[in-house]
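Asker: So that you have it, the file is run13.cif, and it contains mmCIF, C-alpha atoms:
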data_final
#
loop_
_atom_site.label_atom_id
_atom_site.label_comp_id
_atom_site.auth_asym_id
_atom_site.auth_seq_id
_atom_site.Cartn_x
_atom_site.Cartn_y
_atom_site.Cartn_z
CA MET A 47 79.96 81.38 124.30
CA SER A 48 81.11 78.03 125.69
CA ALA A 49 84.42 78.05 123.84
CA ILE A 50 85.19 81.53 125.18
CA ARG A 51 84.36 80.31 128.70
CA VAL A 52 86.91 77.52 128.23
CA ALA A 53 89.55 80.01 127.05
CA ARG A 54 88.91 82.25 130.04
CA GLY A 55 88.94 79.32 132.42
CA TYR A 56 92.21 78.02 131.00
CA THR A 57 94.05 81.36 130.93
CA GLY A 58 92.53 83.01 134.00
CA ARG A 59 92.03 86.14 131.88
CA ASN A 60 88.86 88.03 130.96
CA LYS A 61 89.36 90.01 127.76
CA MET A 62 88.76 88.72 124.26
CA ILE A 63 89.24 90.07 120.74
CA LYS A 64 86.55 89.79 118.07
CA PHE A 65 86.28 91.44 114.67
CA GLU A 66 83.82 93.88 113.16
CA GLY A 67 81.19 92.14 111.05
CA CYS A 68 81.83 88.67 112.47
CA TYR A 69 78.83 87.03 114.12
CA HIS A 70 79.41 84.39 116.80
CA GLY A 71 75.96 83.82 118.20
CA HIS A 72 73.62 86.01 120.19
CA SER A 73 75.21 85.78 123.65
CA ASP A 74 75.53 89.26 125.17
CA ALA A 75 79.31 89.61 125.23
CA LEU A 76 79.55 88.88 121.49
CA LEU A 77 76.90 91.29 120.23
CA VAL A 78 79.41 94.05 119.54
CA LYS A 79 79.71 95.15 115.91
CA SER A 80 78.48 91.73 114.85
CA GLY A 81 77.20 90.66 111.45
CA SER A 82 74.27 89.07 109.64
CA GLY A 83 70.90 90.22 110.99
CA THR A 84 72.36 92.98 113.12
CA LEU A 85 74.01 94.51 110.05
CA THR A 86 70.87 94.11 107.98
CA TYR A 87 68.80 96.11 110.45
CA GLY A 88 71.52 98.65 111.13
CA VAL A 89 72.04 97.56 114.75
CA PRO A 90 75.56 96.12 115.00
CA THR A 91 75.38 96.41 118.80
CA SER A 92 72.09 95.17 120.27
CA PRO A 93 70.03 97.13 122.80
CA GLY A 94 69.53 95.19 126.03
CA VAL A 95 73.22 94.38 126.41
CA PRO A 96 74.66 96.00 129.59
CA ALA A 97 77.87 97.99 129.17
CA ASP A 98 79.53 95.90 131.90
CA THR A 99 78.88 92.74 129.88
CA VAL A 100 80.90 93.93 126.90
CA LYS A 101 83.62 95.88 128.70
CA ASP A 102 86.05 92.99 128.17
CA THR A 103 85.18 92.58 124.47
CA LEU A 104 87.85 94.25 122.34
CA VAL A 105 86.95 94.86 118.70
CA SER A 106 89.33 95.10 115.77
CA ALA A 107 88.83 95.53 112.03
CA TYR A 108 88.71 92.33 109.98
CA ASN A 109 91.87 91.66 107.97
CA ASP A 110 93.71 94.39 109.94
CA LEU A 111 96.72 92.69 111.52
CA ASP A 112 98.18 95.95 112.83
CA GLY A 113 94.94 96.81 114.65
CA MET A 114 94.92 93.43 116.38
CA LYS A 115 98.58 93.76 117.27
CA ALA A 116 97.88 97.13 118.89
CA LEU A 117 95.20 95.57 121.10
CA PHE A 118 97.63 92.90 122.28
CA GLU A 119 100.31 95.49 122.99
CA ALA A 120 97.83 97.54 125.04
CA ASN A 121 96.59 94.48 126.96
CA PRO A 122 99.58 92.11 127.06
CA ASP A 123 98.53 90.02 130.05
CA SER A 124 94.73 90.17 129.99
CA ILE A 125 93.53 88.77 126.63
CA ALA A 126 92.15 85.25 127.03
CA CYS A 127 91.30 84.58 123.40
CA VAL A 128 90.78 85.74 119.85
CA ILE A 129 87.66 84.51 118.05
CA VAL A 130 87.26 84.83 114.29
CA GLU A 131 85.40 83.58 111.24
CA ALA A 132 88.30 82.54 109.00
CA VAL A 133 85.96 83.26 106.11
CA ALA A 134 83.48 85.83 107.29
CA GLY A 135 80.02 84.65 106.30
CA ASN A 136 77.91 87.18 108.17
CA MET A 137 78.83 90.35 106.30
CA GLY A 138 78.44 88.69 102.97
CA VAL A 139 81.38 86.46 102.13
CA VAL A 140 84.65 88.15 103.07
CA PRO A 141 87.67 85.81 103.13
CA ALA A 142 90.53 86.42 105.53
CA LYS A 143 93.86 87.27 103.99
CA PRO A 144 96.27 84.37 104.68
CA GLU A 145 98.75 86.69 106.39
CA PHE A 146 95.97 87.94 108.68
CA LEU A 147 95.30 84.46 110.07
CA GLN A 148 98.98 83.55 110.16
CA GLY A 149 99.75 86.74 112.08
CA MET A 150 96.82 86.04 114.42
CA ARG A 151 98.23 82.60 115.22
CA ALA A 152 101.66 84.11 115.93
CA LEU A 153 100.23 86.84 118.19
CA CYS A 154 98.18 84.33 120.19
CA ASP A 155 101.30 82.21 120.70
CA GLN A 156 103.36 85.24 121.67
CA TYR A 157 100.87 86.53 124.24
CA GLY A 158 99.52 83.21 125.52
CA ALA A 159 95.99 83.70 124.16
CA VAL A 160 93.68 80.97 122.88
CA LEU A 161 92.83 81.09 119.16
CA ILE A 162 89.22 80.13 118.39
CA PHE A 163 87.97 79.55 114.84
CA ASP A 164 84.23 79.95 114.39
CA GLU A 165 83.59 77.29 111.73
CA VAL A 166 79.80 77.29 112.07
CA ILE A 167 79.55 78.23 108.38
CA THR A 168 82.86 76.98 106.98
CA GLY A 169 83.17 73.72 108.92
CA PHE A 170 82.55 70.70 106.64
CA ARG A 171 81.41 73.13 103.93
CA LEU A 172 84.81 74.09 102.54
CA GLY A 173 86.15 70.61 103.17
CA LEU A 174 86.44 68.00 105.90
CA GLY A 175 89.08 70.16 107.60
CA GLY A 176 87.13 73.39 107.22
CA ALA A 177 88.78 76.78 106.84
CA ALA A 178 91.61 75.74 109.15
CA ALA A 179 92.77 73.13 106.65
CA VAL A 180 92.27 75.43 103.66
CA TYR A 181 94.45 78.15 105.20
CA GLY A 182 96.84 75.78 106.95
CA VAL A 183 96.42 77.62 110.25
CA GLU A 184 95.65 75.49 113.31
CA PRO A 185 93.34 77.01 115.94
CA ASP A 186 93.30 75.95 119.58
CA LEU A 187 89.52 75.55 119.66
CA ALA A 188 86.91 75.37 116.89
CA CYS A 189 83.13 75.83 116.92
CA PHE A 190 80.66 74.05 114.64
CA GLY A 191 76.97 74.42 113.93
CA LYS A 192 74.08 72.36 112.65
CA ILE A 193 76.01 70.81 109.75
CA ILE A 194 77.33 68.31 112.32
CA GLY A 195 73.71 67.28 112.90
CA GLY A 196 72.86 66.86 109.24
CA GLY A 197 71.01 70.18 109.41
CA LEU A 198 69.27 69.48 112.71
CA PRO A 199 69.74 71.93 115.61
CA VAL A 200 73.02 71.19 117.35
CA GLY A 201 76.37 72.83 117.91
CA ALA A 202 79.72 71.77 119.31
CA TYR A 203 83.14 73.05 120.20
CA GLY A 204 86.36 71.13 120.55
CA GLY A 205 90.10 71.47 120.41
CA LYS A 206 93.42 70.58 121.88
CA GLU A 207 93.44 68.37 124.96
CA LYS A 208 95.14 70.89 127.23
CA PHE A 209 92.26 73.31 126.70
CA MET A 210 89.41 70.80 126.71
CA SER A 211 90.70 69.20 129.92
CA VAL A 212 89.46 72.21 131.91
CA VAL A 213 85.84 71.36 130.94
CA SER A 214 83.58 69.65 133.51
CA PRO A 215 83.50 66.90 134.69
CA ILE A 216 87.28 66.55 134.17
CA GLY A 217 87.96 70.19 134.99
CA PRO A 218 86.27 73.13 136.72
CA VAL A 219 84.70 74.93 133.71
CA TYR A 220 80.96 74.26 133.69
CA GLN A 221 79.26 72.95 130.56
CA ALA A 222 75.62 71.91 130.12
CA GLY A 223 72.74 72.12 127.64
CA THR A 224 69.15 70.95 127.46
CA LEU A 225 69.66 69.48 123.99
CA SER A 226 73.22 68.20 124.46
CA GLY A 227 73.73 64.93 122.62
CA ASN A 228 70.20 64.88 121.19
CA PRO A 229 69.92 61.33 119.73
CA LEU A 230 68.15 62.37 116.52
CA ALA A 231 70.70 65.09 115.71
CA MET A 232 73.60 62.78 116.57
CA HIS A 233 72.25 59.99 114.34
CA PHE A 234 71.82 62.16 111.25
CA GLY A 235 74.96 64.13 111.97
CA LEU A 236 77.04 60.96 112.00
CA LYS A 237 75.38 59.83 108.75
CA THR A 238 76.18 63.19 107.13
CA LEU A 239 79.83 63.25 108.20
CA LYS A 240 80.38 59.63 107.13
CA HIS A 241 78.86 60.43 103.75
CA LEU A 242 81.15 63.43 103.30
CA GLU A 243 84.16 61.36 104.33
CA ALA A 244 83.26 58.66 101.80
CA HIS A 245 82.62 61.16 98.99
CA PRO A 246 85.27 63.90 99.06
CA GLU A 247 84.46 64.65 95.42
CA ILE A 248 81.40 66.53 96.72
CA TYR A 249 83.67 69.44 97.59
CA ASP A 250 85.12 69.61 94.08
CA GLU A 251 81.60 69.52 92.67
CA LEU A 252 80.39 72.36 94.89
CA GLU A 253 83.40 74.53 94.11
CA ALA A 254 83.01 73.93 90.38
CA LYS A 255 79.34 74.97 90.56
CA ALA A 256 80.22 78.09 92.51
CA ALA A 257 83.01 79.03 90.10
CA TRP A 258 80.69 78.61 87.11
CA LEU A 259 77.94 80.66 88.77
CA VAL A 260 80.29 83.52 89.67
CA GLU A 261 81.80 83.55 86.17
CA LYS A 262 78.38 83.80 84.50
CA ILE A 263 76.91 86.43 86.83
CA SER A 264 80.13 88.48 86.78
CA ALA A 265 79.91 88.55 82.97
CA ILE A 266 76.32 89.86 83.21
CA ILE A 267 77.43 92.56 85.66
CA GLU A 268 80.33 93.62 83.47
CA LYS A 269 78.25 93.65 80.29
CA GLY A 270 75.53 95.78 81.93
CA GLY A 271 77.94 98.04 83.78
CA TYR A 272 76.03 97.40 87.00
CA PRO A 273 77.38 98.77 90.33
CA MET A 274 77.83 95.30 91.78
CA SER A 275 80.48 92.70 92.58
CA MET A 276 80.38 88.91 92.67
CA ILE A 277 82.85 87.38 95.14
CA ARG A 278 83.67 83.74 95.82
CA PHE A 279 85.75 81.74 98.26
CA LYS A 280 85.80 78.11 97.15
CA SER A 281 82.11 77.00 97.27
CA MET A 282 80.88 80.20 98.96
CA PRO A 283 79.75 82.88 96.46
CA CYS A 284 78.19 86.24 97.34
CA LEU A 285 76.62 89.06 95.32
CA PHE A 286 77.39 92.52 96.68
CA PHE A 287 75.49 95.61 95.58
CA ALA A 288 78.65 97.71 95.58
CA LYS A 289 81.55 98.04 93.16
CA CYS A 290 84.62 97.55 95.32
CA GLU A 291 86.80 94.86 96.83
CA MET A 292 85.53 93.47 100.14
CA TYR A 293 88.04 93.02 102.92
CA SER A 294 86.27 94.39 105.99
CA TYR A 295 83.08 95.61 107.65
CA ASP A 296 83.85 99.16 106.43
CA ASP A 297 83.92 97.87 102.84
CA VAL A 298 80.60 96.03 103.00
CA LYS A 299 78.88 99.03 104.60
CA HIS A 300 79.00 100.66 101.15
CA CYS A 301 76.51 98.10 99.81
CA ASP A 302 73.10 99.32 98.66
CA THR A 303 70.84 97.22 100.89
CA GLU A 304 67.66 98.72 99.44
CA LYS A 305 68.70 97.64 95.95
CA TYR A 306 69.49 94.18 97.27
CA GLY A 307 66.03 94.03 98.84
CA GLU A 308 64.46 94.91 95.50
CA PHE A 309 66.61 92.28 93.79
CA PHE A 310 65.60 89.65 96.35
CA ARG A 311 61.88 90.31 95.88
CA LEU A 312 62.07 90.25 92.08
CA MET A 313 64.03 86.99 92.16
CA LEU A 314 61.46 85.54 94.54
CA GLU A 315 58.71 86.39 92.05
CA LYS A 316 60.63 84.32 89.49
CA GLY A 317 60.75 81.36 91.87
CA PHE A 318 64.25 81.75 93.32
CA LEU A 319 64.62 82.02 97.09
CA LEU A 320 67.97 83.74 97.67
CA PRO A 321 69.30 84.93 101.03
CA PRO A 322 66.93 87.72 102.15
CA ALA A 323 69.81 89.86 103.45
CA GLN A 324 72.71 91.46 101.62
CA PHE A 325 75.05 90.23 104.35
CA GLU A 326 74.69 86.50 103.78
CA GLY A 327 76.32 84.24 101.24
CA TRP A 328 74.78 82.00 98.58
CA PHE A 329 75.31 78.45 99.78
CA LEU A 330 75.29 75.78 97.08
CA CYS A 331 74.51 72.12 97.63
CA THR A 332 74.52 68.88 95.68
CA ALA A 333 70.78 69.23 94.99
CA HIS A 334 71.44 72.29 92.80
CA THR A 335 71.52 70.85 89.29
CA GLU A 336 73.22 72.37 86.26
CA ALA A 337 69.82 73.14 84.74
CA LEU A 338 68.68 74.91 87.90
CA LEU A 339 71.83 77.04 88.03
CA GLU A 340 71.42 77.98 84.36
CA ALA A 341 67.86 79.05 85.09
CA LEU A 342 69.11 81.09 88.04
CA VAL A 343 71.63 82.92 85.84
CA CYS A 344 68.92 83.71 83.28
CA ALA A 345 66.67 85.05 86.04
CA VAL A 346 69.47 87.23 87.43
CA GLU A 347 70.08 88.70 83.97
CA ASP A 348 66.37 89.48 83.52
CA VAL A 349 65.97 91.00 86.98
CA LEU A 350 69.04 93.21 86.72
CA GLY A 351 67.78 94.37 83.34
CA GLU A 352 64.52 95.43 85.00
CA MET A 353 66.25 97.14 87.90
CA PHE A 354 68.81 99.25 86.02
#
Could you show the structure in this file as structure tokens?

Answerer:
Amino acid sequence: MSAIRVARGYTGRNKMIKFEGCYHGHSDALLVKSGSGTLTYGVPTSPGVPADTVKDTLVSAYNDLDGMKALFEANPDSIACVIVEAVAGNMGVVPAKPEFLQGMRALCDQYGAVLIFDEVITGFRLGLGGAAAVYGVEPDLACFGKIIGGGLPVGAYGGKEKFMSVVSPIGPVYQAGTLSGNPLAMHFGLKTLKHLEAHPEIYDELEAKAAWLVEKISAIIEKGGYPMSMIRFKSMPCLFFAKCEMYSYDDVKHCDTEKYGEFFRLMLEKGFLLPPAQFEGWFLCTAHTEALLEALVCAVEDVLGEMF
């Protein structure tokens, strides 16, 4: 919400582009075909949001460069920004195609729009440089979530000086928050980021765990002929209850959410707390030992055997 305000304040424009299935917080203007909980409950656009609030929110299909280009061509002088999850983590895990992000950067440059990367999930998870570094595409602004507070409740946005200079008290764009700069969150956030900086091997470890997990569960799916897919982007794996490639919101809509719910409950009975919604990824951490992951794979094999 705040990053978009900066983009609008800088450009003097009102419209923005977001993508189906991407979730950027619960502010009114962004609750249009969003992801995560809204997808789980079949309400991609929330009741209680006035039509006038979302009239400047343009929606395009994820990974569809032509669709985004058409929106720019139809609104050449009125789009303030494009906001995107470079790796969508709120409709399962759906990575952006490299050419999609590269084309997005070029379109924003061409039309004078601000490019915002939502790195709430990917920031400091995929690496110290987040998804931007992985893809080699530089946004103008980036948003981060509670990972910068060591898991405590905090968020931040930042970016290039020419955009951030419009923020109060230097510039005219208002910014405030009851919990801004909370000392506890800042203390543990700084500890977390310093630890990650000192131990970059953590990222290799997490990716290796994710790769092993996906390989083992994919083999179980293939052997059983189950209508499922296991997808991974670096250290972010996801189990989809559908047998197709996942590139967009339309693809993930084919998932069997009832089957996933059954799977979740059976896994919970075996002592494994997985994401309760089909449209969230499996996030690994350093506390997940090899023995624990092996036990998880065995549990998945048993549960799928019961279900099918």

Asker: Of the candidates A:Phe318, A:Tyr181, A:Tyr108, A:Tyr249, which shows the shortest atom-to-atom distance to Ala134 (chain A), using only C-alpha atoms?

Answerer: A:Tyr108

Asker: Would you kindly return, as JSON, numbers by chain, each protein, DNA or RNA residue with an atom no farther than 12 Å from any atom of Phe209 (chain A), considering all atoms listed in the file and excluding same-chain residues fewer than 5 positions away?

Answerer: {"A": [49, 50, 51, 52, 53, 54, 55, 56, 57, 126, 127, 159, 160, 161, 162, 185, 186, 187, 188, 203, 204, 214, 216, 217, 218, 219]}

Asker: Using all atoms listed in the file, can you tell me which of A:Ile63, A:Pro93, A:Asp102, A:Asp110 comes closest to Ser294 (chain A)?

Answerer: A:Asp110

Asker: Please enumerate the residues selected by the PyMOL selection byres ((chain A and resi 342-350) around 9) when evaluated against the supplied file, formatted as a PDB file with C-alpha atoms, in the coordinates of the input.

Answerer:
ATOM      1  CA  LEU A 259      77.940  80.660  88.770  1.00  0.00           C
ATOM      2  CA  LYS A 262      78.380  83.800  84.500  1.00  0.00           C
ATOM      3  CA  ILE A 263      76.910  86.430  86.830  1.00  0.00           C
ATOM      4  CA  ILE A 266      76.320  89.860  83.210  1.00  0.00           C
ATOM      5  CA  ILE A 267      77.430  92.560  85.660  1.00  0.00           C
ATOM      6  CA  GLY A 270      75.530  95.780  81.930  1.00  0.00           C
ATOM      7  CA  TYR A 272      76.030  97.400  87.000  1.00  0.00           C
ATOM      8  CA  PHE A 309      66.610  92.280  93.790  1.00  0.00           C
ATOM      9  CA  LEU A 312      62.070  90.250  92.080  1.00  0.00           C
ATOM     10  CA  MET A 313      64.030  86.990  92.160  1.00  0.00           C
ATOM     11  CA  LYS A 316      60.630  84.320  89.490  1.00  0.00           C
ATOM     12  CA  PHE A 318      64.250  81.750  93.320  1.00  0.00           C
ATOM     13  CA  ALA A 337      69.820  73.140  84.740  1.00  0.00           C
ATOM     14  CA  LEU A 338      68.680  74.910  87.900  1.00  0.00           C
ATOM     15  CA  LEU A 339      71.830  77.040  88.030  1.00  0.00           C
ATOM     16  CA  GLU A 340      71.420  77.980  84.360  1.00  0.00           C
ATOM     17  CA  ALA A 341      67.860  79.050  85.090  1.00  0.00           C
ATOM     18  CA  GLY A 351      67.780  94.370  83.340  1.00  0.00           C
ATOM     19  CA  GLU A 352      64.520  95.430  85.000  1.00  0.00           C
ATOM     20  CA  MET A 353      66.250  97.140  87.900  1.00  0.00           C
ATOM     21  CA  PHE A 354      68.810  99.250  86.020  1.00  0.00           C
TER      22      PHE A 354
END

Asker: Going by the chain IDs and residue numbers used in this file, which residues fall under the PyMOL selection byres ((chain A and resi 172) around 12)? Write them as a PyMOL selection string.

Answerer: chain A and resi 132-133+165-171+173-181+193+242+246-253+256+278-283+329-331

Asker: Calculate how many Å separate CA of Leu225 (chain A) from CA of Val78 (chain A), rounding to one decimal.

Answerer: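 One can read the CA of Leu225 (chain A) to CA of Val78 (chain A) distance as 26.8 Å.
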
Asker: What does the distance from CA of Gly191 (chain A) to CA of Asp98 (chain A) come to in Å, to one decimal?

Answerer: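 Rounded to one decimal, the two atoms are 28.1 Å apart.
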
Asker: Mind pulling up the distance from CA of Glu131 (chain A) to CA of Phe286 (chain A)?

Answerer: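 Rounded to one decimal, the two atoms are 18.9 Å apart.
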
Asker: Written as JSON, numbers by chain, what is the full residue list that the PyMOL selection byres ((chain A and resi 291) around 12) yields on the file shown?

Answerer: {"A": [139, 140, 141, 274, 275, 276, 277, 278, 285, 286, 287, 288, 289, 290, 292, 293, 294, 295, 296, 297, 298, 299, 300, 301]}

Asker: Residues near Gly307 (chain A), anyone? I mean within 9 Å using only C-alpha atoms, not counting same-chain ones fewer than 4 positions away, as a ChimeraX atom specification.

Answerer: /A:302-303,311-312,322-324

Asker: With only C-alpha atoms as the atoms that count, which of A:Lys115, A:Asp74, A:Ile129, A:Gly149 lies nearest to Val95 (chain A)?

Answerer: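 Closest candidate: A:Asp74.
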